[in-house]
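Encoded as structure tokens, the structure appears first; notes follow it.
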Amino acid sequence: MVVNSCIPVIPSADLEKSLRFWVDGLGLSMDRAMRRDGRLIGCMVHNDRLYFWLNEGATTKPEDYEGIRLYWAPSDMKALRDRLLQLGYAASEITDRDYGQTEFFVTDDDGYSHCFGVPTSGHSPQSRCEMGQNWNFSVSVHSADG
């Protein structure tokens, strides 16, 4: 294989705020923090299998900007959804889709859409979300502190 791994770079207007989703919500660890004048401008978030680089990005986005889309395969979908709800994120209901996936959606503090899904019992594991065909769901993000 020519490529052994890929680390997506995720821009953020406020990295400290973004860590609430990536570390507190998804349970990833943060390291390799880069700071400028005491402000966090970059860091790695990861677990044993996943790596993402978060970095300081633009604070405004064009009106039609869709940004990144990530499809997650959680080991315990209900527990993860409950955890994100406790942190104040608006998560959709867990729904069995007609294309064979059981899914829910969350929008993070930077406005990026995240789809969490597992194969519905008795169906093929490929989903429309994974193929980028079913991203019309939107939820509001609410801060846990009001």
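Chain identifiers are assigned as A, B, and so on, following the order in which chains appear in the structure tokens; residues are numbered from 1 within each chain, and ligands are numbered from 1 in order of appearance.
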As a CSV table (one decimal) with C-alpha atoms, in the first residue's frame, please: every residue in stretch 49-92 of chain A that a backbone DSSP assignment puts in helix (DSSP H, G or I).
chain,number,residue,atom,x,y,z
A,77,MET,CA,-24.5,4.3,19.9
A,78,LYS,CA,-27.0,4.9,22.7
A,79,ALA,CA,-24.3,5.7,25.3
A,80,LEU,CA,-22.6,8.1,22.9
A,81,ARG,CA,-25.8,9.9,22.0
A,82,ASP,CA,-26.7,10.2,25.7
A,83,ARG,CA,-23.2,11.5,26.5
A,84,LEU,CA,-23.5,14.2,23.7
A,85,LEU,CA,-27.0,15.1,25.0
A,86,GLN,CA,-25.6,15.6,28.5
message: Need the shell around A:Asp31: protein/DNA/RNA residues with any atom at most 8 Å away, counting only C-alpha atoms. Skip same-chain ones fewer than 5 positions apart. Format as a list in words?
response: Cys43, Met44 and Val45 of chain A
With a cut-off of 12 Å, could you pull out the residues of stretch 76-130 of chain A touching stretch 6-10 of chain A and give me the nearest pair of atoms for each, distance in Å to one decimal, using only C-alpha atoms, ordered by chain and ascending number, as CSV?
residue,atom,partner,partner_atom,distance
A:Asp108,CA,A:Ile10,CA,11.8
A:Asp110,CA,A:Ile10,CA,9.6
A:Gly111,CA,A:Ile10,CA,11.6
A:Tyr112,CA,A:Ile10,CA,9.6
task: For A:Arg20, please output as a list in words all residues within 10 Å (counting only C-alpha atoms; exclusion window: fewer than 4 positions along the same chain).
output: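 Surrounding residues, per the criterion: Leu15, Glu16, Asp24, Gly25, Leu26, Gly27, Leu84, Leu87, Asp108, Asp109 and Ala144 of chain A.
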Contacts of stretch 91-106 of chain A at 6 Å (only C-alpha atoms; same-chain gap of 6+ positions) as an mmCIF file with C-alpha atoms, in the first residue's frame:
data_model
loop_
_atom_site.group_PDB
_atom_site.id
_atom_site.type_symbol
_atom_site.label_atom_id
_atom_site.label_comp_id
_atom_site.auth_asym_id
_atom_site.auth_seq_id
_atom_site.Cartn_x
_atom_site.Cartn_y
_atom_site.Cartn_z
ATOM 1 C CA SER A 113 -22.257 17.691 10.746
ATOM 2 C CA HIS A 114 -21.451 14.292 12.240
ATOM 3 C CA CYS A 115 -23.396 11.149 11.366
ATOM 4 C CA PHE A 116 -23.112 8.208 13.771
ATOM 5 C CA GLY A 117 -24.225 4.884 12.385
ATOM 6 C CA VAL A 118 -24.081 1.130 12.548
ATOM 7 C CA PRO A 119 -25.531 -1.486 10.211
ATOM 8 C CA THR A 120 -29.136 -2.284 11.008
ATOM 9 C CA HIS A 123 -28.614 -5.206 6.156
#
query: What does the distance between atom CA of A:Met30 and atom CA of A:His46 come to in Å, to one decimal place?
result: 6.6 Å
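Between atom CA of A:Phe21 and atom CA of A:Pro74 the separation is 14.7 Å.
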- prompt: Between A:Ala73, A:Ile41, A:Leu50, A:Ile68, which has the minimum distance to A:Leu19 (counting only C-alpha atoms)?
  reply: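 When distances to A:Leu19 are compared using only C-alpha atoms, the smallest one comes from A:Ile41.
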task: Return as number ranges by chain the full set of residues in stretch 37-119 of chain A whose backbone-based DSSP assignment is strand (DSSP E).
output: A: 39-46, 51-56, 69-72, 95-96, 101-107, 113-119
